[in-house]
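Following: one structure in structure tokens, then a few remarks.
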Amino acid sequence: MIVTNKQKIVFKMRLLLTLLILNIFLMIAGYVLRSLIHEDLQLPLLGVSLVFLLLIISRIIRLRVFHFENTGAVFSIKSYHPVKRGIIFPSVDYPVNRLRAFKIEKSLMAKNIVVEVNTQQKENPLRVKLKASNITDKDYMRMINSFT
């Protein structure tokens with residue numbers, strides 16, 4: 001079973017890049033046509049454009065693709081930026097029989113997947129927390145049902 005949010009994240013990435021390019025073109029047009037803009041509005045418009053530019057860039061940097069795969073014996077979770085190319089190594093890769101807890105934590109800004117796995121070396125379970133943006137409750141239920 002494979003659960004991923006790659007299509008949603010790639011769409012969001014393309015939308016944000018389009019907004020970024022549009023914002024840069026508007027900034028260039030404002031600089032070229034600054035004689036037509038009232039002097040009292042030039043600095044506030046530049047400030048708003050720069051804030052908007054920084055928000056878009058920070059959103060692009062924080063995008064993460066979440067890829068869950070359960071083969072029945074081993075489950076693996078990969079989390080990576082959508083621009084990354086090449087070999088993507090899993091963040092979590094353990095046998096299913098060692099899984100102790102698999103839950104989702106919802107906060108105000110993001111969803112986190114918390115995985116607790118029993119290890120042979122320690123009595124305490126290994127706890128891994130991964131960001132999972134754009135994972136719906138239906139996807140979460142599919143992940144839980146794949147363990148049974």
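In the structure tokens, chains take letters A, B, ... by order of appearance, with residues numbered from 1 within each chain and ligands from 1 in the order shown.
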
Report task. Mind checking which residues fall within 12 Å of Arg14 (chain A), counting only C-alpha atoms, ignoring those fewer than 2 positions away in the same chain, and posting them as a ChimeraX atom specification? Result -> /A:7-12,16-21,56,59-60,63,82-83

Query raised in the report: Between CA of Met141 (chain A) and CA of Ser79 (chain A), what is the distance, to one decimal in Å?
Result: 18.8 Å

Query raised in the report: For Val115 (chain A), which residue among A:Met1, A:Val51, A:Met143, A:Ile135 is the nearest when counting only C-alpha atoms?
Result: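 Nearest candidate to Val115 (chain A) out of A:Met1, A:Val51, A:Met143, A:Ile135: A:Met143.
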
Query raised in the report: Can you list, as JSON, numbers by chain, every protein, DNA or RNA residue that comes within 12 Å of Arg142 (chain A) when you count only C-alpha atoms, leaving out same-chain residues fewer than 2 positions away?
Result: {"A": [1, 2, 3, 4, 68, 69, 70, 135, 136, 137, 138, 139, 140, 144, 145, 146, 147, 148]}

Query raised in the report: Given the choices A:Leu130, A:Met109, A:Thr119, A:Ser58, which gets closest to Val92 (chain A) if the distance is worked out from only C-alpha atoms?
Result: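 Among A:Leu130, A:Met109, A:Thr119, A:Ser58, it is A:Leu130 that comes nearest to Val92 (chain A).
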
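Of the listed residues A:Ile104, A:Ala29, A:Ile24, A:Lys78, the one whose atoms come nearest to Leu54 (chain A) is A:Ile24, with distances taken using only C-alpha atoms.
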
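Separating CA of Leu22 (chain A) from CA of Gly47 (chain A) is a distance of 15.9 Å.
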
Report task. From a DSSP pass on the backbone, collect the residues of chain A flagged as helix (DSSP H, G or I) and hand them back as JSON, numbers by chain. Result -> {"A": [6, 7, 8, 9, 10, 11, 12, 13, 14, 15, 16, 17, 18, 19, 20, 21, 22, 23, 24, 25, 26, 27, 28, 29, 30, 31, 32, 39, 40, 41, 42, 43, 44, 45, 46, 47, 48, 49, 50, 51, 52, 53, 54, 55, 56, 57, 58, 59, 60, 61, 96, 97, 98, 137, 138, 139, 140, 141, 142, 143, 144, 145, 146]}

Query raised in the report: chain A: which residues are strand (DSSP E or B) by DSSP, as number ranges by chain?
Result: A: 2-4, 65-70, 74-80, 92-95, 99-106, 111-117, 126-131

Query - Distance of CA of Ile87 (chain A) from CA of Arg62 (chain A), expressed in Å to one decimal place - result: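 About the pair CA of Arg62 (chain A) and CA of Ile87 (chain A): they are 20.1 Å apart.
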
Requested in this report: With a distance cut-off of 9 Å and only C-alpha atoms, select the neighbouring residues of region 25-27 of chain A, excluding the residue or stretch itself and same-chain residues fewer than 5 positions from it, and output the selection as a PyMOL selection string.
Outcome: chain A and resi 20+32+45-46+49-50

Requested in this report: For region 41-43 of chain A, work out the shell of residues within 9 Å, counting only C-alpha atoms and skipping chain neighbours fewer than 5 positions away, then give it as a PyMOL selection string.
Outcome: chain A and resi 30+34+48

Any chance you could export the current selection's all heavy atoms as a PDB file, in the first residue's frame?
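Generated file (out.pdb):
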ATOM      1  N   GLY A  30       6.876  47.959 -11.630  1.00  0.00           N
ATOM      2  CA  GLY A  30       6.770  49.119 -10.738  1.00  0.00           C
ATOM      3  C   GLY A  30       8.017  49.964 -10.754  1.00  0.00           C
ATOM      4  O   GLY A  30       7.947  51.198 -10.672  1.00  0.00           O
ATOM      5  N   ARG A  34       7.899  53.739 -12.341  1.00  0.00           N
ATOM      6  CA  ARG A  34       7.785  54.436 -11.063  1.00  0.00           C
ATOM      7  C   ARG A  34       7.395  55.900 -11.213  1.00  0.00           C
ATOM      8  O   ARG A  34       6.902  56.511 -10.274  1.00  0.00           O
ATOM      9  CB  ARG A  34       9.069  54.290 -10.258  1.00  0.00           C
ATOM     10  CG  ARG A  34      10.238  55.037 -10.793  1.00  0.00           C
ATOM     11  CD  ARG A  34      11.452  54.851  -9.881  1.00  0.00           C
ATOM     12  NE  ARG A  34      12.579  55.582 -10.402  1.00  0.00           N
ATOM     13  CZ  ARG A  34      13.527  55.066 -11.167  1.00  0.00           C
ATOM     14  NH1 ARG A  34      13.479  53.785 -11.475  1.00  0.00           N
ATOM     15  NH2 ARG A  34      14.508  55.804 -11.613  1.00  0.00           N
ATOM     16  N   VAL A  48       5.253  45.989   0.676  1.00  0.00           N
ATOM     17  CA  VAL A  48       4.256  44.919   0.567  1.00  0.00           C
ATOM     18  C   VAL A  48       4.744  43.846  -0.405  1.00  0.00           C
ATOM     19  O   VAL A  48       4.609  42.646  -0.133  1.00  0.00           O
ATOM     20  CB  VAL A  48       2.892  45.492   0.124  1.00  0.00           C
ATOM     21  CG1 VAL A  48       1.937  44.398  -0.290  1.00  0.00           C
ATOM     22  CG2 VAL A  48       2.292  46.336   1.229  1.00  0.00           C
TER      23      VAL A  48
END

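Residue nearest Ala110 (chain A) within the list A:Ile37, A:Ala132, A:Ala73, A:Leu126: A:Ala132 [criterion: smallest interatomic distance, only C-alpha atoms].
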
Requested in this report: Between A:Leu99, A:Val128, A:Ile88, A:Leu55, single out the one closest to Asn112 (chain A), counting only C-alpha atoms.
Outcome: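 Among the listed residues, A:Val128 lies closest to Asn112 (chain A).
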